[in-house]
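Have a look at the structure below before the remarks.
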Amino acid sequence: MACVKLGSKNDAFQRQGQAWFCTSGLPSDIIVEVGEMSFHLHKFPLLSRSGVMEKMVAEAPEEQEERGVIKIPDIPGGAKTFELVAKFCYGVKLELTASNVVYLRCAAERLEMTEEYGEGNLISQTEAFLNQVVLKSWKDSLMALQTCDDILPHADELQITKRCIESLAIKASTDPSLFGWPIVEHGGPMQSPGGSVLWNGISTGARPKNSSLDWWYEDAAALSLPLYKRLISVMESRGIKQEIIAGSVTSYAKRYIPGLNRRQGSSESSSRLAPVALGTPPSEDEQKLLLEEIDRMLPMQKSLVPTKLLFGLLRTSMILRVNPSCISNLEKRVGMQLDQATLEDLLMPNFSYSMETLYNVDCVQRILEHFLAVDQITHGGASPCSIDDEQLIGSPSLPPITMVAKLIDGYLAEVAPDVNLKLPKFQALAAAVPDYARPLDDGLYRAIDIYLKSHPWLGESDREQLCRLMDCQKLSLEACTHAAQNERLPLRIIVQVLFFEQLQLRTSIAGCFLVSDNLDGSRQLRSGIVGSNEGGWGTAVRENQVLKVGMDNMRMRVSELEKECSNMKQEIEKLGRTKGSSAWGSVSKKFGFKLKSQMCSAQEGSVSNQYNGNRKTEKLKNSQGKQKRTAAISNE
């Protein structure tokens with residue numbers, strides 16, 4: 001820290017309790033009272049340096065003049081600063097530093113210690129030290145700005161606060177590698193103005209290590225909230241990038257709001273300029289004010305602030321019950337980057353007095369609505385391209401809307417066991433996700449199944465209404481297999497699942513037949529061109545056998561499904577006879593099928609015919625091959 005010593009005499013002051021005495025050999029003729037401290041001094045040194053002291057002595061009442069007592073209650077810095085002022089008036093050595101120059105400058109202005117009352121008076125001395133030493137150093141400017149907090153009206157009147165803030169803003173917006181400010185200030189090697197490392201004052205030509213753009217975050221976080229707000233405002237006016245501003249505000253929030261930085265170790269926090277670590281934590285009212293101000297200072301732009309931190313701010317705001325507009329703004333910020341959130345982030349406890357649900361489902365609903373509104377503006381609500389099943393598993397290339405759909409489905413599965421979660425609230429959140437955002441409905445089916453398991457008292461109509469949220473055509477084969485055996489699902493949904501599962505299996509079998517035919521054709525082509533390639537022939541035979549095994553397994557599964565469908569048909573027909581109505585026709589209308597009951601048998605016949613046709617074709621080809629080989633042998 002830079003310092004300058006003023007005066008040449010030895011310290012001739014002694015303190016006795018709440019009084020200071022000047023031991024110059026002459027009895028004091030004036031007593032100056034500053035707060036609870038009294039100074040027993042002499043008139044001449046004070047009157048020769050201060051215009052206010054001269055006026056107060058001249059205008060003092062006769063009774064006060066006889067006692068020689070003068071009261072100065074409003075001097076900036078109080079008794080400690082007046083002690084330094086008195087020593088300066090007596091010519092005692094005075095050390096100017098960044099921590100006392102603001103007090104002395106304001107006190108000198110209050111006492112009118114101008115050049116009119118002596119050359120090199122305290123105003124000119126402190127002003128020169130401010131401009132030539134303090135404002136040229138980051139650390140000294142920061143220290144001087146912190147001292148302005150105690151005497152802010154006096155410092156603002158003299159533009160000291162403004163000058164310190166502008167000095168810090170200039171240095172923070174300048175490339176630190178040009179001057180090496182952070183390295184010099186934090187105890188690193190001395191550097192020249194050009195940035196090269198100095199050794200005994202001589203430039204070595206070596207360049208210091210580059211500093212990141214966040215080097216000033218920790219120091220700025222030591223400022224009080226009013227001064228920090230003014231610093232950020234000046235930096236924004238100077239055109240500093242929004243991501244740098246957001247990073248600084250984030251660092252400030254982590255320092256003063258408990259719980260936002262729990263994972264940070266105590267060794268990482270700096271003890272320098274850290275009053276929070278040494279003092280008491282902020283009160284709830286102070287935290288409320290801080291949260292609202294942080295919300296105002298943060299830029300409203302996506303990805304500038306970590307999503308986890310935004311959820312932390314939102315959670316703390318709900319606990320402290322801050323201004324609703326602040327909570328709404330934080331929800332909008334989270335909604336803008338919901339695709340970057342995790343399931344753990346969304347699981348926010350419900351802090352309301354009613355405690356209807358364990359988790360705050362309403363807040364997640366609002367966050368999702370904000371995301372969808374932004375996505376509608378950004379992408380126009382366009383449906384994402386078709387996505388393969390492999391891409392759905394942890395792929396980083398998924399569209400944001402699909403990532404959010406998976407996130408919401410996972411959240412629904414987590415909150416579904418809550419018995420207090422009402423059906424309309426569950427349905428509203430599940431239905432808020434657009435249909436095109438879910439390539440598969442497996443996650444939604446899982447959440448619905450958990451909800452049905454946790455709410456067994458739901459009626460048939462409510463269960464059907466809930467299951468209408470998912471599209472049975474968008475269930476994977478595994479999900480269809482599970483749903484077909486799920487007793488918690490309504491009968492209509494089970495029939496639909498069986499129907500679409502059968503279609504999927506038949507499509508798969510038809511695809512396998514097509515692949516098999518292609519393999520047979522390619523095998524004949526290879527045998528005609530390269531007859532000696534026995535290795536390729538063996539590979540094709542093995543592939544064909546594998547495919548046939550797979551087709552047999554699928555055929556068995558189709559047969560099982562058809563048996564289940566037939567049994568269900570018979571049971572429904574029995575029920576229909578008891579009521580005297582047509583059985584399967586009415587049921588098919590009820591379940592919403594447009595296909596006839598003979599569809600299963602018709603499709604079975606088509607697949608069987610296709611399979612038999614392929615078997616006949618294969619036998620014909622084999623017999624022709626045998627005849628050719630017999631003819632060749634006979635010719636030989």
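By convention in this document, the chains of the structure tokens carry letters A, B, ... by their order, each chain's residues are numbered from 1, and ligands are numbered from 1 in the order they are shown.
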Could you pull the residues within 8 Å of segment 415-425 of chain A, counting only C-alpha atoms, minus those fewer than 6 positions along the same chain, as a PyMOL selection string? chain A and resi 356-359+361+447-448+450-451+453-455+466
Quick check for you: according to DSSP on this backbone, which residues of segment 283-360 of chain A are classed as alpha helix (DSSP H)? Reply as a ChimeraX atom specification. /A:284-297,307-320,324-336,343-346
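The coordinates place atom CA of Asn121 of chain A at 13.3 Å from atom CA of Cys106 of chain A.
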To one decimal in Å, tell me the separation between atom CA of Ser50 of chain A and atom CA of Lys136 of chain A. 29.3 Å
Excluding Lys406 of chain A and any residue of its chain fewer than 5 positions from it, enumerate the residues within 12 Å of it, using only C-alpha atoms, and give them as a PyMOL selection string. chain A and resi 338-343+392-395+398-401+411-413+430+433-434+437-447
Store the residues of this selection in a file with N, CA and C atoms, as a short mmCIF file (atom, residue, chain, number, x, y, z; two decimals), in the first residue's frame.
data_model
loop_
_atom_site.label_atom_id
_atom_site.label_comp_id
_atom_site.auth_asym_id
_atom_site.auth_seq_id
_atom_site.Cartn_x
_atom_site.Cartn_y
_atom_site.Cartn_z
N LEU A 338 -34.11 -23.71 -19.64
CA LEU A 338 -34.59 -24.92 -18.97
C LEU A 338 -33.94 -26.17 -19.56
N ASP A 339 -33.55 -26.12 -20.83
CA ASP A 339 -32.92 -27.29 -21.44
C ASP A 339 -31.55 -27.59 -20.84
N GLN A 340 -30.99 -26.66 -20.05
CA GLN A 340 -29.71 -26.87 -19.39
C GLN A 340 -29.87 -27.35 -17.95
N ALA A 341 -31.10 -27.50 -17.50
CA ALA A 341 -31.36 -27.88 -16.11
C ALA A 341 -31.27 -29.39 -15.95
N THR A 342 -31.19 -29.81 -14.70
CA THR A 342 -31.20 -31.23 -14.35
C THR A 342 -32.44 -31.53 -13.52
N LEU A 343 -32.72 -32.81 -13.36
CA LEU A 343 -33.88 -33.20 -12.56
C LEU A 343 -33.73 -32.74 -11.11
N LEU A 392 -31.84 -41.00 -28.44
CA LEU A 392 -32.62 -40.56 -27.28
C LEU A 392 -31.91 -40.83 -25.97
N ILE A 393 -30.88 -41.66 -25.98
CA ILE A 393 -30.21 -42.06 -24.75
C ILE A 393 -28.97 -41.20 -24.56
N GLY A 394 -29.09 -40.11 -23.82
CA GLY A 394 -27.94 -39.30 -23.44
C GLY A 394 -27.24 -38.62 -24.59
N SER A 395 -27.92 -38.36 -25.69
CA SER A 395 -27.25 -37.73 -26.82
C SER A 395 -27.18 -36.23 -26.62
N LEU A 398 -29.54 -33.63 -29.05
CA LEU A 398 -30.99 -33.54 -29.04
C LEU A 398 -31.45 -32.09 -29.10
N PRO A 399 -32.57 -31.80 -29.76
CA PRO A 399 -33.10 -30.43 -29.75
C PRO A 399 -33.49 -30.03 -28.34
N PRO A 400 -33.44 -28.74 -28.02
CA PRO A 400 -33.79 -28.28 -26.65
C PRO A 400 -35.18 -28.71 -26.23
N ILE A 401 -36.16 -28.66 -27.14
CA ILE A 401 -37.52 -29.00 -26.77
C ILE A 401 -37.64 -30.48 -26.39
N TYR A 411 -39.42 -35.54 -14.23
CA TYR A 411 -39.98 -34.82 -13.08
C TYR A 411 -41.35 -35.38 -12.71
N LEU A 412 -42.17 -35.66 -13.71
CA LEU A 412 -43.50 -36.23 -13.43
C LEU A 412 -43.37 -37.58 -12.71
N ALA A 413 -42.40 -38.37 -13.12
CA ALA A 413 -42.19 -39.66 -12.46
C ALA A 413 -41.76 -39.49 -11.01
N ALA A 430 -48.21 -32.53 -17.67
CA ALA A 430 -47.88 -33.50 -18.72
C ALA A 430 -48.36 -33.02 -20.09
N VAL A 433 -46.38 -30.15 -22.47
CA VAL A 433 -45.32 -30.47 -23.43
C VAL A 433 -45.96 -30.79 -24.77
N PRO A 434 -45.55 -30.16 -25.86
CA PRO A 434 -46.15 -30.45 -27.18
C PRO A 434 -45.92 -31.90 -27.59
N ALA A 437 -42.65 -32.87 -29.27
CA ALA A 437 -41.42 -32.83 -28.46
C ALA A 437 -41.03 -34.21 -27.95
N ARG A 438 -41.98 -35.16 -27.98
CA ARG A 438 -41.70 -36.51 -27.48
C ARG A 438 -41.62 -37.47 -28.65
N PRO A 439 -40.43 -37.87 -29.09
CA PRO A 439 -40.33 -38.90 -30.13
C PRO A 439 -40.90 -40.23 -29.65
N LEU A 440 -40.73 -40.54 -28.37
CA LEU A 440 -41.30 -41.72 -27.75
C LEU A 440 -42.02 -41.30 -26.47
N ASP A 441 -43.07 -42.02 -26.14
CA ASP A 441 -43.85 -41.72 -24.93
C ASP A 441 -43.53 -42.67 -23.79
N ASP A 442 -42.37 -43.33 -23.85
CA ASP A 442 -42.02 -44.27 -22.79
C ASP A 442 -41.90 -43.58 -21.43
N GLY A 443 -41.24 -42.40 -21.40
CA GLY A 443 -41.09 -41.67 -20.14
C GLY A 443 -42.42 -41.24 -19.57
N LEU A 444 -43.31 -40.78 -20.44
CA LEU A 444 -44.64 -40.38 -19.98
C LEU A 444 -45.43 -41.58 -19.48
N TYR A 445 -45.30 -42.72 -20.17
CA TYR A 445 -45.98 -43.93 -19.71
C TYR A 445 -45.49 -44.34 -18.32
N ARG A 446 -44.20 -44.25 -18.10
CA ARG A 446 -43.64 -44.59 -16.79
C ARG A 446 -44.22 -43.69 -15.70
N ALA A 447 -44.30 -42.38 -15.97
CA ALA A 447 -44.85 -41.45 -14.98
C ALA A 447 -46.33 -41.75 -14.71
#
So that I can check the surroundings of Gln465 of chain A, please list as a list in words every protein, DNA and RNA residue that reaches within 10 Å of it, counting only C-alpha atoms and ignoring chain neighbours fewer than 3 positions away.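 Using only C-alpha atoms, the neighbours found are Leu423, Gln427, Gly459, Glu460, Ser461, Asp462, Arg468, Leu469 and Pro490 of chain A.
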Would you output that residue set with N, CA and C atoms, as a PDB file, in the first residue's frame?
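Once written, result05.pdb looks like this:
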ATOM      1  N   LEU A 423     -55.002 -34.917  -9.717  1.00  0.00           N
ATOM      2  CA  LEU A 423     -54.969 -35.358 -11.112  1.00  0.00           C
ATOM      3  C   LEU A 423     -54.932 -34.180 -12.095  1.00  0.00           C
ATOM      4  N   GLN A 427     -52.032 -33.735 -14.899  1.00  0.00           N
ATOM      5  CA  GLN A 427     -52.395 -33.706 -16.309  1.00  0.00           C
ATOM      6  C   GLN A 427     -51.950 -32.409 -16.979  1.00  0.00           C
ATOM      7  N   GLY A 459     -61.031 -43.555 -10.301  1.00  0.00           N
ATOM      8  CA  GLY A 459     -62.063 -44.276 -11.013  1.00  0.00           C
ATOM      9  C   GLY A 459     -61.650 -44.622 -12.436  1.00  0.00           C
ATOM     10  N   GLU A 460     -62.483 -45.439 -13.091  1.00  0.00           N
ATOM     11  CA  GLU A 460     -62.180 -45.879 -14.459  1.00  0.00           C
ATOM     12  C   GLU A 460     -62.104 -44.698 -15.418  1.00  0.00           C
ATOM     13  N   SER A 461     -63.033 -43.754 -15.275  1.00  0.00           N
ATOM     14  CA  SER A 461     -63.028 -42.599 -16.178  1.00  0.00           C
ATOM     15  C   SER A 461     -61.785 -41.737 -15.974  1.00  0.00           C
ATOM     16  N   ASP A 462     -61.382 -41.535 -14.714  1.00  0.00           N
ATOM     17  CA  ASP A 462     -60.172 -40.747 -14.448  1.00  0.00           C
ATOM     18  C   ASP A 462     -58.932 -41.445 -14.987  1.00  0.00           C
ATOM     19  N   ARG A 468     -55.063 -41.024 -21.725  1.00  0.00           N
ATOM     20  CA  ARG A 468     -55.175 -40.371 -23.029  1.00  0.00           C
ATOM     21  C   ARG A 468     -54.016 -39.408 -23.281  1.00  0.00           C
ATOM     22  N   LEU A 469     -53.259 -39.080 -22.241  1.00  0.00           N
ATOM     23  CA  LEU A 469     -52.120 -38.181 -22.424  1.00  0.00           C
ATOM     24  C   LEU A 469     -51.040 -38.805 -23.299  1.00  0.00           C
ATOM     25  N   PRO A 490     -56.543 -49.072 -17.946  1.00  0.00           N
ATOM     26  CA  PRO A 490     -57.926 -49.398 -18.347  1.00  0.00           C
ATOM     27  C   PRO A 490     -57.922 -50.400 -19.495  1.00  0.00           C
TER      28      PRO A 490
END
